[in-house]
Every structure is written in C-alpha cells, then in structure tokens.
Amino acid sequence: MSASPGVWLAAFFTLAIYSFLYGDNPAYKFSEHLFVGLGAAHMAVMGWESMYNRAWTPLATKGEWWYIGAIAGGIMLLTRWFRPIQWVSRIPLGFMMGVAAGLSARSAIDAQFWRQIQSTVALKLNVVNNAVYVFIVVSTLAYFLFAFNDKTGVGRGIRGVGMVGQYMMMIAFGASLGSTIMARLSLVIGRLDFLFKTWLGVLK
Amino acid sequence: MEGGILTNLQNIDRRIIYTVVFLVLLFPMFKPIGLPLKISQTTQSAFDAVENLPNGSLVMLTTANAPGTAAELEPQTIALIKHWMKKQHKIIMWPSAAEAPRFIDGYAKLLKDNGYVEGRDFLVLPYLAGGETVFGSMANDLKSTFSMISPGQSALWDSITSISDVDLLADCGGGESQLWAIAHIEAKHRTPTICLITAVILAVRQPYYTSGQFKGIVSGLNGAAEYEVLARVPGAGAAGMDAQSMGHLWVIFTILAGNFAYFATRGKKSPGGGQ
C-alpha cells in the first residue's frame, strides 16, 4: 500500500467522485467543487506565466515596446467586471474574434475543405471501400440540399438519396457513441489501475 | 413470471449495472485473459511513419493531454516516445493546452532516465496561451514564437531555423489541436503529421487520414495497445485491453438484453394498467 499522502488524497477523491454512481452525496459535491476550483486556479497560473514569458519579459528586458498593446488589451478585457466601462472589453474581444476568424478561415479552406474534396474526387472507385466512401459523402451532402422542389422528379430523387444519407449519418453517430463508451471504459480502467496498483499495491 | 423477468430486465438498478461493470473490468486486470489484438491500418501507418525515419531525426510532440483524456492519451504518448528513443530521435515537446505541462514533465523524466540530455537531445518548449494562433505563429516563425529561449540556451534549439526542420510532427489531444496542426503546419510546410487522439473523435479525424493529411492515427486505448505491440514497448495500453474487451462484452449484453426485453413486451399491458 502506498505511503504517499498525495496518492491517498488522489484515491480518496477518485472514490468520492465515483460515489456519485450510488447517489449524490456531500463527498462527491466537495470533490467536484474542489476539482473545478483547482482547474480554474491552474488555468489562471498558466495564463499568467504565458503572459509573463510572452509579453512582459520581452517588454521589460528587451525593450520590445509593442507588447504594451497586448498587455493593454488583456487589461481591457477585465473591464467586463465594471459596468460603467464594460463596453471597453468589447474592443479586444472583437479584435480577438476577428483574428481567430481570419486565421481559421484562411487555413480551413485549404486543409478542411479543398484538400478533402481533392482526396474524395481522386479516390479510385474500383475499390469497394472507396466506392462506399464516395457514396456516403454524396448521399450525406444530398440530405442537406433544400433548394429543390420535392414535387419534381429531380427533387424527389435528391430527397431519396438524402434519406440514405440520413441513415449513413446515424450509423456514423452510432460509431461515435460506441467510441465514447470505449473512451469512458478506458477512464475507469485508468482509475482502477491507479487504485489497485499505485494505491493498494495489490495489482502487479 | 416471464413478463416479470422481461420487465425487470428493462428496469435494472443502475447501481447493479455499475457494480457488474466494476467487476467485469477488474477481473482481467488480476487474471489476464490474453484476448487477440488486431492491428488497425491507421496505427500501422503511424508506426511506419516513425519507423521509416532515419535514426536521429528531429521529431516534435505537441500535446493537449489533460486529466480527462490521460487514460487514453498517456499510454499512446509513452509508447510513441519509447519508440522515438529506440530510434534515437531528437525530440521537441510543446504543451498546447494549459493542463499539458505536468504531463510533459513526466515525458521529460522518462527521457532523462533513458540517457537523453535536456537541451541537447530533447527540448521542452513553454506553454503559450492562444490555441490555434500559436500553431499559426509556429508555422510562420517557430524561433520568434518562442523568443524567450535565448541563443546558447539549448544546442538543439540553436540547430533549428524553422518548423520545416521537423521531420515528423505528432499532435496529441482530444480536441481541435490536430486540425490546427494540419491547417497551419502540415498545410504550409508539408510536415509529415500523425495524431494521437481519444477514441471518440476517430470518426471525425479519419477523413484527414484518407486524404493523406495525417500519415497515421493512434486512437484510444486500443490504439495505444496496438502501437505498443508494433514498437515492442510493453505498457499500460496492452495491459488494459483485456479489461476493455470484457467491458465491451458487458455493454453489448446489456444492450441486447434491454432491446430483447423491450420488443418482447411492447404493446403488452402491465398489471398496473399501463403500457
């Protein structure tokens, strides 16, 4: 059995969190709140360190004055807490959203759009897997085509293919759910391994 | 009593189900069964991408590992790093999430314990807030992104001019970081990229493997087990596979039993008068 107080603490909190499976209780509530608090504190420290390394140090030691803008932007974000000057926080927020949108749009068009189309079009359909892949892509896209009149032959055809696409999506969602169960089991296995190997020392 | 059993099957106390899950997972941990393990194509490709690099190549790990994903990502990452050590690769590690630095500390210790020297054979870059913007910045100018590392501080760092010097990038995480890696680094420099991910996002990452943007994918605990087998580095992944397989059998059993009971009793009136 481990002699480390840290391991005992971790074991206590593991059991306290899992006690929720039996029913809600004070031990679970305490652990949950502590976890959220620790997470927030950790993020705050890491954020501070990042700002210190990335902005304050170059400003103070190398005289890179343009980092004043970044630090000022960060401080402006904090004005959300003061109602009379709350509007100031929207300036850096808008800037951040603009940068993020621009950055994502530029990169997504190539990596997540154009190259996906290229690779799908380039698939050789004489391989069953590829043919199924292309069929699922086309039928799924057809499901999202709403611009055609259902009363026409073309509209009915697209709707029919789209129905198949709907089932394909459901299969994909089912596969994702299955993977989620697998992931959750992995988490339990990880904790059991900790409890019986690291804490109790009964598992080799 | 047949109706009673079928009705009870649909109303099993969740505490009984969880207790059985607990026992089913625990049993193979004490008495390994040795269920067969099939290597998936995505893991094989990830292994090949590392194996085919010349010894002493420069590799980079960007990781967003966190307590919630560590059960899956930690065995994968450790297997990958052990494989890298076998190939004597130079390693750069960067935490792309605020929770990741403490995991990187563990990897650094693993490397040091195996004779790697920090600064010469491997390097840990500091966490920077910003998510995707940092990936974009690294793709544009790696050296100035981490300008806090002074010249002369690390021989490995001094030998690099840009991220195009990296021979293989491995991004590890359960979120969006893989997409940022391929959107910025792979797209701009064509850096061969593999990803280590939680099983739940495999379905949405697979198209990027098909398109060649990922050279390989290691997914979930089973991916870790497969990689351990391929790289011949025994670890927590393979050890947990029996437990996971037994857990799946129990889940399948409960789904089948619940559905059988539901369809068998559908439309029949219960003694209380309800449906």
# chains A, B, ... in the order shown; residues from 1 in each chain; ligands from 1
>>> select_by_dssp(residues="segment 77-262 of chain B", states="strand (DSSP E or B)", output="list in words")
Lys90, Ile91, Ile92, Met93, Trp94, Pro95, Glu118, Phe122, Leu123, Val124, Leu168, Leu169, Ala170, Asp171, Cys172, Gly173, Thr193, Ile194, Cys195, Leu196, Ile197, Gly216, Ile217, Val218 and Ser219 of chain B
>>> atom_distance(atom1="atom CA of Trp48 of chain A", atom2="atom CA of Cys195 of chain B")
28.8 Å
>>> interface_residues(of="chain B", to="chain A", cutoff="9 Å", atoms="only C-alpha atoms", output="ChimeraX atom specification")
/B:14-15,18,21-22,25-26,29-30,68-72,98-99,126-129,132-133,136,145-148,179-180,182-184,186-187,198-204,207-208,210-213,220-221,236,240-241,243-244,247-248,251
>>> residues_around(residues="Trp56 of chain A", least_positions_apart="3", cutoff="12 Å", atoms="only C-alpha atoms", output="PyMOL selection string")
(chain A and resi 48-53+59-72+74) or (chain B and resi 148)
>>> select_by_dssp(residues="segment 142-184 of chain A", states="alpha helix (DSSP H)", output="tab-separated table (two decimals) with N, CA and C atoms, in the first residue's frame")
chain	number	residue	atom	x	y	z
A	142	ALA	N	-26.44	15.22	-50.04
A	142	ALA	CA	-27.78	15.34	-50.63
A	142	ALA	C	-28.83	15.63	-49.55
A	143	TYR	N	-28.61	15.12	-48.37
A	143	TYR	CA	-29.57	15.35	-47.28
A	143	TYR	C	-29.69	16.84	-46.95
A	153	GLY	N	-39.25	15.56	-60.32
A	153	GLY	CA	-38.52	14.28	-60.31
A	153	GLY	C	-37.14	14.42	-59.70
A	154	VAL	N	-36.44	15.51	-60.09
A	154	VAL	CA	-35.08	15.73	-59.55
A	154	VAL	C	-35.15	15.90	-58.03
A	155	GLY	N	-36.12	16.68	-57.58
A	155	GLY	CA	-36.26	16.93	-56.14
A	155	GLY	C	-36.51	15.65	-55.37
A	156	ARG	N	-37.42	14.79	-55.94
A	156	ARG	CA	-37.73	13.52	-55.26
A	156	ARG	C	-36.49	12.62	-55.22
A	157	GLY	N	-35.73	12.64	-56.35
A	157	GLY	CA	-34.50	11.82	-56.40
A	157	GLY	C	-33.50	12.25	-55.34
A	158	ILE	N	-33.29	13.57	-55.26
A	158	ILE	CA	-32.32	14.07	-54.27
A	158	ILE	C	-32.79	13.77	-52.86
A	159	ARG	N	-34.10	13.88	-52.66
A	159	ARG	CA	-34.64	13.60	-51.32
A	159	ARG	C	-34.44	12.12	-50.96
A	160	GLY	N	-34.63	11.25	-51.98
A	160	GLY	CA	-34.44	9.81	-51.74
A	160	GLY	C	-33.00	9.49	-51.38
A	161	VAL	N	-32.06	10.08	-52.14
A	161	VAL	CA	-30.64	9.85	-51.84
A	161	VAL	C	-30.31	10.43	-50.46
A	162	GLY	N	-30.92	11.59	-50.18
A	162	GLY	CA	-30.70	12.23	-48.88
A	162	GLY	C	-31.18	11.37	-47.71
A	163	MET	N	-32.27	10.63	-47.95
A	163	MET	CA	-32.76	9.73	-46.90
A	163	MET	C	-31.71	8.67	-46.56
A	164	VAL	N	-31.06	8.16	-47.63
A	164	VAL	CA	-29.99	7.18	-47.41
A	164	VAL	C	-28.87	7.85	-46.60
A	165	GLY	N	-28.56	9.10	-46.99
A	165	GLY	CA	-27.52	9.86	-46.28
A	165	GLY	C	-27.85	10.03	-44.81
A	166	GLN	N	-29.16	10.20	-44.54
A	166	GLN	CA	-29.59	10.36	-43.14
A	166	GLN	C	-29.23	9.10	-42.34
A	167	TYR	N	-29.49	7.94	-42.94
A	167	TYR	CA	-29.15	6.69	-42.24
A	167	TYR	C	-27.63	6.54	-42.08
A	168	MET	N	-26.90	6.99	-43.11
A	168	MET	CA	-25.43	6.92	-43.02
A	168	MET	C	-24.93	7.78	-41.84
A	169	MET	N	-25.54	8.96	-41.71
A	169	MET	CA	-25.14	9.83	-40.58
A	169	MET	C	-25.46	9.16	-39.25
A	170	MET	N	-26.62	8.49	-39.21
A	170	MET	CA	-27.00	7.82	-37.95
A	170	MET	C	-26.00	6.71	-37.61
A	171	ILE	N	-25.53	6.01	-38.65
A	171	ILE	CA	-24.51	4.97	-38.42
A	171	ILE	C	-23.23	5.62	-37.87
A	172	ALA	N	-22.87	6.77	-38.47
A	172	ALA	CA	-21.66	7.48	-38.00
A	172	ALA	C	-21.83	7.94	-36.55
A	173	PHE	N	-23.02	8.46	-36.22
A	173	PHE	CA	-23.26	8.89	-34.84
A	173	PHE	C	-23.21	7.70	-33.89
A	174	GLY	N	-23.73	6.57	-34.36
A	174	GLY	CA	-23.67	5.35	-33.54
A	174	GLY	C	-22.24	4.93	-33.29
A	175	ALA	N	-21.42	5.04	-34.34
A	175	ALA	CA	-20.00	4.68	-34.18
A	175	ALA	C	-19.33	5.61	-33.18
A	176	SER	N	-19.70	6.91	-33.25
A	176	SER	CA	-19.13	7.88	-32.29
A	176	SER	C	-19.55	7.55	-30.87
A	177	LEU	N	-20.82	7.16	-30.71
A	177	LEU	CA	-21.31	6.82	-29.37
A	177	LEU	C	-20.57	5.58	-28.85
A	178	GLY	N	-20.38	4.61	-29.73
A	178	GLY	CA	-19.62	3.42	-29.34
A	178	GLY	C	-18.22	3.78	-28.89
A	179	SER	N	-17.60	4.70	-29.64
A	179	SER	CA	-16.25	5.15	-29.27
A	179	SER	C	-16.28	5.88	-27.93
A	180	THR	N	-17.37	6.60	-27.67
A	180	THR	CA	-17.48	7.32	-26.39
A	180	THR	C	-17.50	6.31	-25.23
A	181	ILE	N	-18.26	5.23	-25.42
A	181	ILE	CA	-18.31	4.20	-24.37
A	181	ILE	C	-16.92	3.62	-24.16
A	182	MET	N	-16.22	3.37	-25.28
A	182	MET	CA	-14.86	2.84	-25.20
A	182	MET	C	-13.96	3.79	-24.41
A	183	ALA	N	-14.11	5.10	-24.71
A	183	ALA	CA	-13.28	6.10	-24.01
A	183	ALA	C	-13.59	6.12	-22.53
A	184	ARG	N	-14.88	6.03	-22.18
A	184	ARG	CA	-15.25	6.07	-20.75
A	184	ARG	C	-14.74	4.84	-20.03
>>> closest_residue(among="B:Asn140, B:Val50, B:Ser245, B:Ile91", to="Leu35 of chain B", atoms="only C-alpha atoms")
B:Ser245
>>> atom_distance(atom1="atom CA of Val124 of chain B", atom2="atom CA of Leu73 of chain B")
18.4 Å
>>> atom_distance(atom1="atom CA of Met1 of chain A", atom2="atom CA of Ala16 of chain A")
19.0 Å
>>> residues_around(residues="Ser144 of chain B", least_positions_apart="2", cutoff="12 Å", atoms="only C-alpha atoms", output="PDB file with C-alpha atoms, in the first residue's frame")
ATOM      1  CA  ARG A  54       5.469  36.076 -23.907  1.00  0.00           C
ATOM      2  CA  PRO A  58      10.363  40.878 -23.826  1.00  0.00           C
TER       3      PRO A  58
ATOM      4  CA  VAL B 134       0.124  29.688 -31.607  1.00  0.00           C
ATOM      5  CA  SER B 137       2.622  31.520 -35.345  1.00  0.00           C
ATOM      6  CA  MET B 138       4.788  28.397 -35.119  1.00  0.00           C
ATOM      7  CA  ALA B 139       4.164  27.691 -38.790  1.00  0.00           C
ATOM      8  CA  ASN B 140       5.174  31.242 -39.707  1.00  0.00           C
ATOM      9  CA  ASP B 141       8.192  31.629 -37.458  1.00  0.00           C
ATOM     10  CA  LEU B 142       8.975  28.996 -34.860  1.00  0.00           C
ATOM     11  CA  PHE B 146       9.455  31.052 -28.618  1.00  0.00           C
ATOM     12  CA  SER B 147      11.730  34.077 -28.475  1.00  0.00           C
ATOM     13  CA  MET B 148      12.046  33.618 -24.699  1.00  0.00           C
ATOM     14  CA  ILE B 149      14.561  30.828 -25.430  1.00  0.00           C
ATOM     15  CA  SER B 150      17.853  32.650 -25.802  1.00  0.00           C
ATOM     16  CA  PRO B 151      20.620  31.604 -28.230  1.00  0.00           C
ATOM     17  CA  TRP B 157      17.141  24.790 -30.360  1.00  0.00           C
ATOM     18  CA  ILE B 160      16.783  24.637 -35.811  1.00  0.00           C
ATOM     19  CA  THR B 161      15.837  27.501 -38.092  1.00  0.00           C
ATOM     20  CA  SER B 162      12.140  26.835 -38.686  1.00  0.00           C
ATOM     21  CA  ILE B 163       9.461  24.207 -38.209  1.00  0.00           C
TER      22      ILE B 163
END
>>> closest_residue(among="B:Pro95, B:Pro75, B:Pro192, B:Pro101", to="Glu228 of chain B", atoms="only C-alpha atoms")
B:Pro75
>>> residues_around(residues="Thr193 of chain B", least_positions_apart="6", cutoff="8 Å", atoms="only C-alpha atoms", output="ChimeraX atom specification")
/B:168-171,181-182,186,213-216
